[in-house]
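Coordinates as given in coords_17.cif (mmCIF, C-alpha atoms and all ligand atoms):
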```cif
data_start
loop_
_atom_site.group_PDB
_atom_site.id
_atom_site.type_symbol
_atom_site.label_atom_id
_atom_site.label_comp_id
_atom_site.auth_asym_id
_atom_site.auth_seq_id
_atom_site.Cartn_x
_atom_site.Cartn_y
_atom_site.Cartn_z
ATOM 1 C CA MET Y 1 129.101 104.044 105.620
ATOM 2 C CA VAL Y 2 129.831 102.629 102.192
ATOM 3 C CA GLU Y 3 128.036 104.492 99.433
ATOM 4 C CA ARG Y 4 126.845 102.173 96.697
ATOM 5 C CA LYS Y 5 125.665 104.739 94.209
ATOM 6 C CA THR Y 6 127.107 108.169 94.518
ATOM 7 C CA SER Y 7 125.167 111.345 94.213
ATOM 8 C CA SER Y 8 126.373 114.789 95.054
ATOM 9 C CA GLY Y 9 125.193 116.140 98.349
ATOM 10 C CA VAL Y 10 124.655 112.797 100.102
ATOM 11 C CA GLU Y 11 127.727 112.402 102.208
ATOM 12 C CA ALA Y 12 126.551 112.369 105.811
ATOM 13 C CA SER Y 13 128.002 109.403 107.622
ATOM 14 C CA LEU Y 14 125.297 108.230 109.989
ATOM 15 C CA THR Y 15 127.292 105.756 111.989
ATOM 16 C CA ALA Y 16 124.299 104.537 113.964
ATOM 17 C CA LEU Y 17 122.709 103.273 110.778
ATOM 18 C CA ALA Y 18 123.352 99.812 109.395
ATOM 19 C CA VAL Y 19 121.461 100.360 106.151
ATOM 20 C CA SER Y 20 119.875 103.308 104.463
ATOM 21 C CA LEU Y 21 117.862 103.457 101.250
ATOM 22 C CA ARG Y 22 116.930 106.819 99.813
ATOM 23 C CA GLY Y 23 114.604 107.278 96.907
ATOM 24 C CA VAL Y 24 115.425 103.764 95.732
ATOM 25 C CA THR Y 25 113.574 102.374 92.739
ATOM 26 C CA LYS Y 26 113.995 99.199 90.750
ATOM 27 C CA VAL Y 27 112.709 98.702 87.237
ATOM 28 C CA TYR Y 28 113.559 95.295 85.778
ATOM 29 C CA ASP Y 29 114.648 94.849 82.167
ATOM 30 C CA ASN Y 30 111.169 93.644 81.250
ATOM 31 C CA GLY Y 31 109.762 97.017 82.328
ATOM 32 C CA VAL Y 32 108.295 95.839 85.655
ATOM 33 C CA MET Y 33 108.530 98.632 88.187
ATOM 34 C CA ALA Y 34 109.138 96.492 91.250
ATOM 35 C CA LEU Y 35 110.035 98.956 93.918
ATOM 36 C CA GLY Y 36 109.817 102.431 95.157
ATOM 37 C CA PRO Y 37 110.662 105.049 95.564
ATOM 38 C CA LEU Y 38 111.639 103.547 98.893
ATOM 39 C CA ASP Y 39 113.164 105.351 101.850
ATOM 40 C CA LEU Y 40 114.246 103.174 104.720
ATOM 41 C CA ALA Y 41 116.757 103.556 107.514
ATOM 42 C CA VAL Y 42 117.699 100.618 109.730
ATOM 43 C CA ARG Y 43 119.725 101.200 112.857
ATOM 44 C CA LYS Y 44 122.606 98.966 113.848
ATOM 45 C CA GLY Y 45 121.387 96.042 115.899
ATOM 46 C CA GLU Y 46 117.752 96.625 114.993
ATOM 47 C CA PHE Y 47 115.379 93.793 114.070
ATOM 48 C CA ILE Y 48 112.897 94.930 111.445
ATOM 49 C CA SER Y 49 110.378 93.069 109.317
ATOM 50 C CA LEU Y 50 109.322 93.973 105.812
ATOM 51 C CA LEU Y 51 105.723 92.949 105.372
ATOM 52 C CA GLY Y 52 103.698 93.356 102.220
ATOM 53 C CA PRO Y 53 101.568 91.647 99.591
ATOM 54 C CA SER Y 54 103.058 89.168 97.178
ATOM 55 C CA GLY Y 55 105.080 90.834 94.441
ATOM 56 C CA CYS Y 56 105.430 94.196 96.196
ATOM 57 C CA GLY Y 57 109.204 94.098 95.959
ATOM 58 C CA LYS Y 58 110.314 92.766 99.362
ATOM 59 C CA SER Y 59 112.850 90.338 97.903
ATOM 60 C CA THR Y 60 113.964 93.011 95.478
ATOM 61 C CA ALA Y 61 114.700 95.330 98.412
ATOM 62 C CA LEU Y 62 116.795 92.625 100.105
ATOM 63 C CA ARG Y 63 118.678 91.918 96.884
ATOM 64 C CA LEU Y 64 119.502 95.622 96.505
ATOM 65 C CA ILE Y 65 120.793 95.784 100.077
ATOM 66 C CA ALA Y 66 122.884 92.656 99.498
ATOM 67 C CA GLU Y 67 124.294 94.185 96.319
ATOM 68 C CA LEU Y 68 122.979 91.239 94.298
ATOM 69 C CA SER Y 69 121.211 93.776 92.129
ATOM 70 C CA ALA Y 70 121.673 97.503 91.435
ATOM 71 C CA PRO Y 71 118.991 100.131 91.993
ATOM 72 C CA SER Y 72 117.565 101.902 88.938
ATOM 73 C CA SER Y 73 117.727 105.152 90.877
ATOM 74 C CA GLY Y 74 118.372 106.289 94.405
ATOM 75 C CA ILE Y 75 121.033 105.398 96.899
ATOM 76 C CA VAL Y 76 121.632 102.245 98.930
ATOM 77 C CA ARG Y 77 124.138 102.598 101.707
ATOM 78 C CA MET Y 78 125.362 100.223 104.361
ATOM 79 C CA ALA Y 79 127.611 100.639 107.359
ATOM 80 C CA ARG Y 80 131.220 99.759 106.786
ATOM 81 C CA HIS Y 81 132.149 96.500 108.486
ATOM 82 C CA GLU Y 82 134.255 97.129 111.555
ATOM 83 C CA GLY Y 83 136.984 94.534 111.692
ATOM 84 C CA PRO Y 84 138.913 92.458 109.207
ATOM 85 C CA ALA Y 85 137.685 92.169 105.631
ATOM 86 C CA GLN Y 86 135.431 89.196 105.221
ATOM 87 C CA PRO Y 87 133.335 87.476 102.611
ATOM 88 C CA GLY Y 88 129.873 88.763 101.832
ATOM 89 C CA HIS Y 89 130.482 92.439 102.658
ATOM 90 C CA GLY Y 90 129.315 91.813 106.223
ATOM 91 C CA ILE Y 91 125.987 90.458 105.007
ATOM 92 C CA GLY Y 92 124.470 87.040 105.624
ATOM 93 C CA PHE Y 93 121.515 85.936 103.491
ATOM 94 C CA VAL Y 94 118.944 83.293 104.416
ATOM 95 C CA PHE Y 95 116.481 82.278 101.705
ATOM 96 C CA GLN Y 96 113.123 80.527 101.941
ATOM 97 C CA GLU Y 97 114.694 77.340 100.628
ATOM 98 C CA PRO Y 98 117.646 76.082 102.672
ATOM 99 C CA THR Y 99 119.484 75.231 99.409
ATOM 100 C CA LEU Y 100 121.962 72.823 100.951
ATOM 101 C CA MET Y 101 124.396 70.701 98.950
ATOM 102 C CA PRO Y 102 122.962 67.178 99.309
ATOM 103 C CA TRP Y 103 126.221 65.370 98.562
ATOM 104 C CA THR Y 104 128.182 66.660 101.511
ATOM 105 C CA SER Y 105 127.937 66.960 105.275
ATOM 106 C CA VAL Y 106 126.214 69.636 107.287
ATOM 107 C CA ARG Y 107 129.595 70.952 108.431
ATOM 108 C CA GLU Y 108 130.834 71.258 104.836
ATOM 109 C CA ASN Y 109 127.654 73.083 103.874
ATOM 110 C CA VAL Y 110 128.201 75.609 106.632
ATOM 111 C CA ARG Y 111 131.906 75.913 105.837
ATOM 112 C CA LEU Y 112 131.213 76.810 102.183
ATOM 113 C CA PRO Y 113 131.281 80.656 102.454
ATOM 114 C CA LEU Y 114 134.600 80.447 104.314
ATOM 115 C CA LYS Y 115 136.000 77.960 101.799
ATOM 116 C CA LEU Y 116 135.054 80.297 98.945
ATOM 117 C CA ALA Y 117 136.778 83.110 100.797
ATOM 118 C CA GLY Y 118 139.954 81.058 101.159
ATOM 119 C CA VAL Y 119 139.846 80.659 104.946
ATOM 120 C CA PRO Y 120 142.217 77.824 105.985
ATOM 121 C CA LYS Y 121 140.390 74.532 106.466
ATOM 122 C CA ALA Y 122 141.043 73.952 110.178
ATOM 123 C CA ASP Y 123 139.950 77.454 111.082
ATOM 124 C CA ALA Y 124 136.922 77.220 108.815
ATOM 125 C CA ARG Y 125 135.867 73.870 110.308
ATOM 126 C CA ALA Y 126 136.102 75.282 113.821
ATOM 127 C CA ARG Y 127 134.019 78.284 112.827
ATOM 128 C CA ALA Y 128 131.461 76.075 111.091
ATOM 129 C CA ASP Y 129 131.143 73.953 114.234
ATOM 130 C CA GLU Y 130 130.715 77.079 116.321
ATOM 131 C CA ALA Y 131 127.971 78.362 114.005
ATOM 132 C CA LEU Y 132 126.250 74.970 114.147
ATOM 133 C CA ALA Y 133 126.386 75.005 117.941
ATOM 134 C CA SER Y 134 124.786 78.465 117.951
ATOM 135 C CA VAL Y 135 121.724 77.071 116.133
ATOM 136 C CA GLY Y 136 121.512 73.956 118.308
ATOM 137 C CA LEU Y 137 123.013 71.520 115.796
ATOM 138 C CA ALA Y 138 126.374 70.752 117.412
ATOM 139 C CA ASP Y 139 125.650 67.023 117.200
ATOM 140 C CA PHE Y 140 124.753 67.048 113.507
ATOM 141 C CA ALA Y 141 127.936 68.351 111.896
ATOM 142 C CA ASP Y 142 128.661 65.000 110.246
ATOM 143 C CA ALA Y 143 125.083 64.317 109.187
ATOM 144 C CA TYR Y 144 123.902 64.737 105.608
ATOM 145 C CA PRO Y 145 121.066 67.131 104.695
ATOM 146 C CA ARG Y 146 118.740 64.196 103.805
ATOM 147 C CA GLU Y 147 118.907 63.085 107.441
ATOM 148 C CA LEU Y 148 117.502 66.380 108.718
ATOM 149 C CA SER Y 149 113.964 67.694 109.184
ATOM 150 C CA GLY Y 150 112.829 70.878 107.396
ATOM 151 C CA GLY Y 151 113.409 72.945 110.534
ATOM 152 C CA MET Y 152 116.903 71.521 110.990
ATOM 153 C CA LYS Y 153 117.783 72.263 107.364
ATOM 154 C CA MET Y 154 116.728 75.855 107.937
ATOM 155 C CA ARG Y 155 118.947 75.963 111.030
ATOM 156 C CA VAL Y 156 121.854 74.815 108.859
ATOM 157 C CA SER Y 157 121.051 77.561 106.383
ATOM 158 C CA LEU Y 158 121.059 80.065 109.253
ATOM 159 C CA ALA Y 159 124.394 78.732 110.525
ATOM 160 C CA ARG Y 160 125.838 79.111 107.013
ATOM 161 C CA ALA Y 161 124.711 82.750 106.972
ATOM 162 C CA LEU Y 162 126.200 83.364 110.416
ATOM 163 C CA VAL Y 163 129.515 81.620 109.835
ATOM 164 C CA THR Y 164 131.125 84.723 108.316
ATOM 165 C CA ASP Y 165 130.007 86.751 111.360
ATOM 166 C CA PRO Y 166 128.073 89.273 109.250
ATOM 167 C CA ASP Y 167 126.868 92.551 110.722
ATOM 168 C CA ILE Y 168 123.580 92.312 108.850
ATOM 169 C CA LEU Y 169 121.363 89.298 108.433
ATOM 170 C CA LEU Y 170 118.900 89.415 105.538
ATOM 171 C CA MET Y 171 116.177 86.785 105.816
ATOM 172 C CA ASP Y 172 113.734 86.232 102.950
ATOM 173 C CA GLU Y 173 110.690 84.371 104.292
ATOM 174 C CA PRO Y 174 112.943 81.797 105.915
ATOM 175 C CA PHE Y 175 110.249 79.962 107.869
ATOM 176 C CA ALA Y 176 107.363 80.227 105.398
ATOM 177 C CA ALA Y 177 107.503 76.586 104.342
ATOM 178 C CA LEU Y 178 107.642 75.177 107.867
ATOM 179 C CA ASP Y 179 104.808 73.904 110.021
ATOM 180 C CA GLU Y 180 103.570 76.265 112.710
ATOM 181 C CA ILE Y 181 105.149 74.517 115.706
ATOM 182 C CA THR Y 182 108.561 74.410 114.032
ATOM 183 C CA ARG Y 183 108.120 78.006 112.950
ATOM 184 C CA PHE Y 184 107.337 79.144 116.521
ATOM 185 C CA ARG Y 185 110.415 77.325 117.832
ATOM 186 C CA LEU Y 186 112.611 78.871 115.176
ATOM 187 C CA ASN Y 187 111.108 82.299 115.928
ATOM 188 C CA ASN Y 188 112.139 81.903 119.579
ATOM 189 C CA ASP Y 189 115.582 80.599 118.693
ATOM 190 C CA LEU Y 190 116.149 83.409 116.206
ATOM 191 C CA LEU Y 191 115.218 85.980 118.865
ATOM 192 C CA ALA Y 192 117.613 84.337 121.339
ATOM 193 C CA LEU Y 193 120.385 84.440 118.729
ATOM 194 C CA TRP Y 194 119.632 88.051 117.921
ATOM 195 C CA ARG Y 195 119.800 88.980 121.609
ATOM 196 C CA ALA Y 196 123.112 87.170 121.967
ATOM 197 C CA LEU Y 197 124.756 88.349 118.742
ATOM 198 C CA ARG Y 198 123.083 91.731 118.239
ATOM 199 C CA LYS Y 199 123.130 91.538 114.470
ATOM 200 C CA THR Y 200 121.010 93.882 112.419
ATOM 201 C CA VAL Y 201 118.188 91.730 111.031
ATOM 202 C CA ILE Y 202 115.945 92.561 108.066
ATOM 203 C CA PHE Y 203 113.302 89.866 107.922
ATOM 204 C CA VAL Y 204 110.844 89.480 105.051
ATOM 205 C CA THR Y 205 107.570 87.785 105.828
ATOM 206 C CA HIS Y 206 103.957 87.538 104.692
ATOM 207 C CA SER Y 207 102.832 86.869 108.231
ATOM 208 C CA VAL Y 208 101.466 89.716 110.344
ATOM 209 C CA PHE Y 209 101.764 87.488 113.433
ATOM 210 C CA GLU Y 210 105.365 86.572 112.787
ATOM 211 C CA SER Y 211 106.371 90.159 112.042
ATOM 212 C CA VAL Y 212 104.871 91.462 115.280
ATOM 213 C CA TYR Y 213 106.314 88.655 117.380
ATOM 214 C CA LEU Y 214 109.851 89.087 116.099
ATOM 215 C CA SER Y 215 110.437 92.708 115.277
ATOM 216 C CA GLN Y 216 111.193 95.969 116.928
ATOM 217 C CA ARG Y 217 109.708 97.644 113.844
ATOM 218 C CA VAL Y 218 107.304 96.356 111.238
ATOM 219 C CA VAL Y 219 107.623 98.155 107.919
ATOM 220 C CA VAL Y 220 104.430 97.617 105.925
ATOM 221 C CA MET Y 221 104.819 98.002 102.179
ATOM 222 C CA THR Y 222 102.258 98.966 99.547
ATOM 223 C CA ALA Y 223 101.406 96.803 96.567
ATOM 224 C CA ARG Y 224 103.876 97.018 93.670
ATOM 225 C CA PRO Y 225 105.809 99.161 93.217
ATOM 226 C CA GLY Y 226 106.577 98.756 96.921
ATOM 227 C CA ARG Y 227 106.727 101.894 99.004
ATOM 228 C CA ILE Y 228 106.330 102.297 102.720
ATOM 229 C CA GLN Y 229 102.731 102.269 103.840
ATOM 230 C CA ALA Y 230 103.436 102.284 107.577
ATOM 231 C CA ASP Y 231 106.358 101.964 109.926
ATOM 232 C CA ILE Y 232 105.130 100.557 113.211
ATOM 233 C CA ARG Y 233 107.302 100.289 116.309
ATOM 234 C CA ILE Y 234 106.551 97.268 118.503
ATOM 235 C CA GLU Y 235 107.154 98.355 122.066
ATOM 236 C CA THR Y 236 107.003 95.517 124.539
ATOM 237 C CA VAL Y 237 108.801 93.886 127.393
ATOM 238 C CA GLU Y 238 112.005 92.114 126.396
ATOM 239 C CA PRO Y 239 112.873 89.328 126.075
ATOM 240 C CA ARG Y 240 109.780 88.243 124.208
ATOM 241 C CA THR Y 241 108.326 84.942 125.256
ATOM 242 C CA GLU Y 242 105.328 82.785 124.472
ATOM 243 C CA GLU Y 243 103.493 84.969 126.987
ATOM 244 C CA PHE Y 244 103.786 87.896 124.559
ATOM 245 C CA ARG Y 245 102.240 85.775 121.799
ATOM 246 C CA THR Y 246 99.044 85.423 123.812
ATOM 247 C CA SER Y 247 98.961 88.920 125.301
ATOM 248 C CA ALA Y 248 96.465 91.703 124.612
ATOM 249 C CA ALA Y 249 99.350 93.937 123.509
ATOM 250 C CA TYR Y 250 100.313 91.391 120.843
ATOM 251 C CA SER Y 251 96.732 91.224 119.523
ATOM 252 C CA ASP Y 252 96.548 95.017 119.452
ATOM 253 C CA TYR Y 253 99.749 95.265 117.410
ATOM 254 C CA CYS Y 254 98.571 92.538 115.030
ATOM 255 C CA ARG Y 255 95.342 94.471 114.489
ATOM 256 C CA LYS Y 256 97.257 97.678 113.853
ATOM 257 C CA VAL Y 257 99.628 96.026 111.367
ATOM 258 C CA SER Y 258 96.742 94.249 109.599
ATOM 259 C CA ALA Y 259 94.916 97.578 109.250
ATOM 260 C CA ALA Y 260 98.025 99.117 107.677
ATOM 261 C CA LEU Y 261 98.289 96.185 105.288
ATOM 262 C CA ALA Y 262 94.614 96.193 104.278
ATOM 263 C CA PRO Y 263 94.807 98.881 101.561
ATOM 264 C CA SER Y 264 97.511 96.864 99.788
ATOM 265 C CA TYR Y 265 95.147 94.011 99.071
ATOM 266 C CA SER Y 266 91.795 95.776 99.043
ATOM 267 C CA GLY Y 267 92.848 98.399 96.532
ATOM 268 C CA GLN Y 268 91.547 101.091 98.893
ATOM 269 C CA PRO Y 269 93.625 104.135 99.713
ATOM 270 C CA ALA Y 270 95.530 104.107 103.006
ATOM 271 C CA LEU Y 271 93.680 105.418 106.053
HETATM 272 N N1 LIG W 301 114.568 89.318 87.708
HETATM 273 C C1 LIG W 301 113.360 89.828 87.497
HETATM 274 N N2 LIG W 301 112.981 90.222 86.264
HETATM 275 C C2 LIG W 301 111.761 90.753 86.052
HETATM 276 N N3 LIG W 301 110.835 90.926 87.011
HETATM 277 C C3 LIG W 301 111.159 90.551 88.255
HETATM 278 C C4 LIG W 301 112.424 89.980 88.567
HETATM 279 N N4 LIG W 301 112.457 89.699 89.897
HETATM 280 C C5 LIG W 301 111.258 90.078 90.385
HETATM 281 N N5 LIG W 301 110.487 90.591 89.399
HETATM 282 C C6 LIG W 301 109.139 91.141 89.552
HETATM 283 O O1 LIG W 301 109.214 92.245 90.443
HETATM 284 C C7 LIG W 301 108.111 92.272 91.314
HETATM 285 C C8 LIG W 301 108.617 92.230 92.754
HETATM 286 O O2 LIG W 301 109.181 90.946 92.984
HETATM 287 P P1 LIG W 301 109.746 90.518 94.398
HETATM 288 O O3 LIG W 301 110.159 89.094 94.300
HETATM 289 O O4 LIG W 301 110.735 91.499 94.861
HETATM 290 O O5 LIG W 301 108.429 90.665 95.315
HETATM 291 P P2 LIG W 301 108.113 90.049 96.742
HETATM 292 O O6 LIG W 301 107.374 91.103 97.486
HETATM 293 O O7 LIG W 301 109.343 89.534 97.380
HETATM 294 O O8 LIG W 301 107.142 88.863 96.340
HETATM 295 P P3 LIG W 301 106.756 87.529 97.156
HETATM 296 O O9 LIG W 301 106.200 87.982 98.467
HETATM 297 O O10 LIG W 301 105.716 86.876 96.295
HETATM 298 O O11 LIG W 301 108.004 86.716 97.290
HETATM 299 C C9 LIG W 301 107.232 91.097 90.938
HETATM 300 O O12 LIG W 301 106.235 91.554 90.075
HETATM 301 C C10 LIG W 301 108.174 90.156 90.208
HETATM 302 O O13 LIG W 301 107.483 89.401 89.239
#
```
Mind converting the file's structure to structure tokens?
Amino acid sequence: MVERKTSSGVEASLTALAVSLRGVTKVYDNGVMALGPLDLAVRKGEFISLLGPSGCGKSTALRLIAELSAPSSGIVRMARHEGPAQPGHGIGFVFQEPTLMPWTSVRENVRLPLKLAGVPKADARARADEALASVGLADFADAYPRELSGGMKMRVSLARALVTDPDILLMDEPFAALDEITRFRLNNDLLALWRALRKTVIFVTHSVFESVYLSQRVVVMTARPGRIQADIRIETVEPRTEEFRTSAAYSDYCRKVSAALAPSYSGQPAL
């Protein structure tokens, strides 16, 4: 594992872990205590959701893992990428907004991380096309973002995150702005991709239903500063299908997750 912030006595290399946060806090320059202390361990290949009230520090946690921001205290560690060095430290990031460049094609948008990393153009184009095919957009490589629906733009954003073949995919409310039908389709497609690629996924959402449908574990956070309120394993038959969405087991898990979330917005202590 790569240690981001060293501290004596924390050397154990837990190779089965993709990410580990120990006693992590974040206080912004304006004095806002956004996070923690947070302890979280994510196994390689796991799909977890971070669920919590607005402003509890979910995005902050993702930014710390992605090394876009440094913790105020504590240790953030991630597994060393096995294979050749690559852009993004083995991390792909998908934001709520697709943030595509409007002046260029879908393929060029997806190729961008490889271009920035100096990957030769022919190779990068082939990899961009492959990533687009993996999200069902093989026929739209030459289209421009304005020609795409919201769901398709998000697929492009996902392809751009996957094009560097990251070990870890960080997704910050990627489907929040989409209509429910599109969101359900993207949920299913994301699960199919995860099964095929076996990336570690850390998925931030406000939706209890989405978190239960997608994840192997739902990590419920407290109100700011975000700590872990509950860590709930979703045990069900795989692969998940629409049948799961309407099952009694799904409703039971949604109830359980909602109950864990309740103290965060009611101001009541956790049960
Ligand atoms: N750069 C910053 N400077 C100062 N305060 C910040 C900064 N970024 C976030 N915050 C504050 O830190 C807290 C946590 O923000 P963060 O975006 O991580 O929460 P979140 O759980 O992702 O919220 P949401 O669900 O609404 O997106 C909030 O109070 C936010 O206003």
Quick one, how far is CA of Trp194 in chain Y from CA of Ser69 in chain Y?
->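 These atoms are spaced 26.5 Å apart.
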Which of these, Y:Gly226, Y:Glu242, Y:Leu162, Y:Gly150, has the shortest distance to Asn187 in chain Y once you count only C-alpha atoms?
-> Y:Glu242
For Ala259 in chain Y, which residue among Y:Lys121, Y:Leu191, Y:Val220, Y:Ile228 is the nearest when counting only C-alpha atoms?
-> Y:Val220
What are the closest atom pairs, with distances in Å to one decimal, for all residues of chain Y lying within 10 Å of ligand LIG 301 (chain W)? Consider all atoms listed in the file, order rows by chain and residue number, and present the result as a Markdown table.
```
| residue | atom | partner | partner_atom | distance |
| --- | --- | --- | --- | --- |
| Y:Lys26 | CA | W:LIG301 | O1 | 8.4 |
| Y:Val27 | CA | W:LIG301 | N3 | 8.0 |
| Y:Tyr28 | CA | W:LIG301 | C2 | 4.9 |
| Y:Asp29 | CA | W:LIG301 | C2 | 6.3 |
| Y:Asn30 | CA | W:LIG301 | C2 | 5.6 |
| Y:Gly31 | CA | W:LIG301 | C2 | 7.6 |
| Y:Val32 | CA | W:LIG301 | N3 | 5.7 |
| Y:Met33 | CA | W:LIG301 | O1 | 6.8 |
| Y:Ala34 | CA | W:LIG301 | O1 | 4.3 |
| Y:Leu35 | CA | W:LIG301 | C8 | 7.0 |
| Y:Leu50 | CA | W:LIG301 | O6 | 9.0 |
| Y:Leu51 | CA | W:LIG301 | O6 | 8.3 |
| Y:Gly52 | CA | W:LIG301 | O6 | 6.4 |
| Y:Pro53 | CA | W:LIG301 | O9 | 6.0 |
| Y:Ser54 | CA | W:LIG301 | O9 | 3.6 |
| Y:Gly55 | CA | W:LIG301 | O8 | 3.4 |
| Y:Cys56 | CA | W:LIG301 | O6 | 3.9 |
| Y:Gly57 | CA | W:LIG301 | O4 | 3.2 |
| Y:Lys58 | CA | W:LIG301 | O6 | 3.9 |
| Y:Ser59 | CA | W:LIG301 | O7 | 3.6 |
| Y:Thr60 | CA | W:LIG301 | O4 | 3.6 |
| Y:Ala61 | CA | W:LIG301 | O4 | 6.6 |
| Y:Leu62 | CA | W:LIG301 | O4 | 8.1 |
| Y:Arg63 | CA | W:LIG301 | O4 | 8.2 |
| Y:Leu64 | CA | W:LIG301 | O4 | 9.8 |
| Y:Ser69 | CA | W:LIG301 | N1 | 9.1 |
| Y:Gln96 | CA | W:LIG301 | O11 | 9.3 |
| Y:Asp172 | CA | W:LIG301 | O7 | 7.8 |
| Y:Glu173 | CA | W:LIG301 | O11 | 7.9 |
| Y:Val204 | CA | W:LIG301 | O7 | 7.8 |
| Y:Thr205 | CA | W:LIG301 | O9 | 7.5 |
| Y:His206 | CA | W:LIG301 | O9 | 6.6 |
| Y:Met221 | CA | W:LIG301 | O6 | 8.7 |
| Y:Thr222 | CA | W:LIG301 | O6 | 9.6 |
| Y:Ala223 | CA | W:LIG301 | O6 | 8.3 |
| Y:Arg224 | CA | W:LIG301 | C7 | 6.8 |
| Y:Pro225 | CA | W:LIG301 | C8 | 7.5 |
| Y:Gly226 | CA | W:LIG301 | O6 | 7.7 |
```
Take the residues from that selection and put them in a file with C-alpha atoms, as a JSON list (two decimals), in the frame of the given file.
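The file below, selection_26.json, is the result:
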```json
[["chain", "number", "residue", "atom", "x", "y", "z"],
["Y", 26, "LYS", "CA", 114.00, 99.20, 90.75],
["Y", 27, "VAL", "CA", 112.71, 98.70, 87.24],
["Y", 28, "TYR", "CA", 113.56, 95.30, 85.78],
["Y", 29, "ASP", "CA", 114.65, 94.85, 82.17],
["Y", 30, "ASN", "CA", 111.17, 93.64, 81.25],
["Y", 31, "GLY", "CA", 109.76, 97.02, 82.33],
["Y", 32, "VAL", "CA", 108.30, 95.84, 85.66],
["Y", 33, "MET", "CA", 108.53, 98.63, 88.19],
["Y", 34, "ALA", "CA", 109.14, 96.49, 91.25],
["Y", 35, "LEU", "CA", 110.04, 98.96, 93.92],
["Y", 50, "LEU", "CA", 109.32, 93.97, 105.81],
["Y", 51, "LEU", "CA", 105.72, 92.95, 105.37],
["Y", 52, "GLY", "CA", 103.70, 93.36, 102.22],
["Y", 53, "PRO", "CA", 101.57, 91.65, 99.59],
["Y", 54, "SER", "CA", 103.06, 89.17, 97.18],
["Y", 55, "GLY", "CA", 105.08, 90.83, 94.44],
["Y", 56, "CYS", "CA", 105.43, 94.20, 96.20],
["Y", 57, "GLY", "CA", 109.20, 94.10, 95.96],
["Y", 58, "LYS", "CA", 110.31, 92.77, 99.36],
["Y", 59, "SER", "CA", 112.85, 90.34, 97.90],
["Y", 60, "THR", "CA", 113.96, 93.01, 95.48],
["Y", 61, "ALA", "CA", 114.70, 95.33, 98.41],
["Y", 62, "LEU", "CA", 116.80, 92.62, 100.10],
["Y", 63, "ARG", "CA", 118.68, 91.92, 96.88],
["Y", 64, "LEU", "CA", 119.50, 95.62, 96.50],
["Y", 69, "SER", "CA", 121.21, 93.78, 92.13],
["Y", 96, "GLN", "CA", 113.12, 80.53, 101.94],
["Y", 172, "ASP", "CA", 113.73, 86.23, 102.95],
["Y", 173, "GLU", "CA", 110.69, 84.37, 104.29],
["Y", 204, "VAL", "CA", 110.84, 89.48, 105.05],
["Y", 205, "THR", "CA", 107.57, 87.78, 105.83],
["Y", 206, "HIS", "CA", 103.96, 87.54, 104.69],
["Y", 221, "MET", "CA", 104.82, 98.00, 102.18],
["Y", 222, "THR", "CA", 102.26, 98.97, 99.55],
["Y", 223, "ALA", "CA", 101.41, 96.80, 96.57],
["Y", 224, "ARG", "CA", 103.88, 97.02, 93.67],
["Y", 225, "PRO", "CA", 105.81, 99.16, 93.22],
["Y", 226, "GLY", "CA", 106.58, 98.76, 96.92]]
```
Take CA of Leu214 in chain Y and CA of Tyr253 in chain Y and report the distance between them in Å, one decimal.
-> 11.9 Å
Counting only C-alpha atoms, which of Y:Asn109, Y:Ser72, Y:Ser258, Y:Thr25 gets nearest to Ser211 in chain Y?
->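 Selected residue with least distance to Ser211 in chain Y: Y:Ser258.
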Please measure the separation of CA of Arg111 in chain Y and CA of Thr200 in chain Y, giving the value in Å to one decimal.
-> 22.0 Å
Shell of 9 Å around Phe184 in chain Y, all atoms listed in the file, local chain residues under 5 positions omitted, as a list of chain:residue names =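 The residues that qualify are Y:Asp179, Y:Asp189, Y:Glu210, Y:Glu242.
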Residue members of the PyMOL selection byres (((chain Y and resi 18-21) around 10) and not hetatm) in the file shown, as number ranges by chain | Y: 1-3, 14-17, 22-25, 37-46, 61, 64-65, 71, 74-81, 167-168, 199-202
Would you mind exporting the chosen residues as a compact mmCIF listing (two decimals), in the frame of the given file, restricted to C-alpha atoms?
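Wrote it out as result_17.txt, contents follow:
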```txt
# COMPACT_ATOMS: atom_id res chain seq x y z
CA MET Y 1 129.10 104.04 105.62
CA VAL Y 2 129.83 102.63 102.19
CA GLU Y 3 128.04 104.49 99.43
CA LEU Y 14 125.30 108.23 109.99
CA THR Y 15 127.29 105.76 111.99
CA ALA Y 16 124.30 104.54 113.96
CA LEU Y 17 122.71 103.27 110.78
CA ARG Y 22 116.93 106.82 99.81
CA GLY Y 23 114.60 107.28 96.91
CA VAL Y 24 115.42 103.76 95.73
CA THR Y 25 113.57 102.37 92.74
CA PRO Y 37 110.66 105.05 95.56
CA LEU Y 38 111.64 103.55 98.89
CA ASP Y 39 113.16 105.35 101.85
CA LEU Y 40 114.25 103.17 104.72
CA ALA Y 41 116.76 103.56 107.51
CA VAL Y 42 117.70 100.62 109.73
CA ARG Y 43 119.72 101.20 112.86
CA LYS Y 44 122.61 98.97 113.85
CA GLY Y 45 121.39 96.04 115.90
CA GLU Y 46 117.75 96.62 114.99
CA ALA Y 61 114.70 95.33 98.41
CA LEU Y 64 119.50 95.62 96.50
CA ILE Y 65 120.79 95.78 100.08
CA PRO Y 71 118.99 100.13 91.99
CA GLY Y 74 118.37 106.29 94.40
CA ILE Y 75 121.03 105.40 96.90
CA VAL Y 76 121.63 102.24 98.93
CA ARG Y 77 124.14 102.60 101.71
CA MET Y 78 125.36 100.22 104.36
CA ALA Y 79 127.61 100.64 107.36
CA ARG Y 80 131.22 99.76 106.79
CA HIS Y 81 132.15 96.50 108.49
CA ASP Y 167 126.87 92.55 110.72
CA ILE Y 168 123.58 92.31 108.85
CA LYS Y 199 123.13 91.54 114.47
CA THR Y 200 121.01 93.88 112.42
CA VAL Y 201 118.19 91.73 111.03
CA ILE Y 202 115.94 92.56 108.07
```
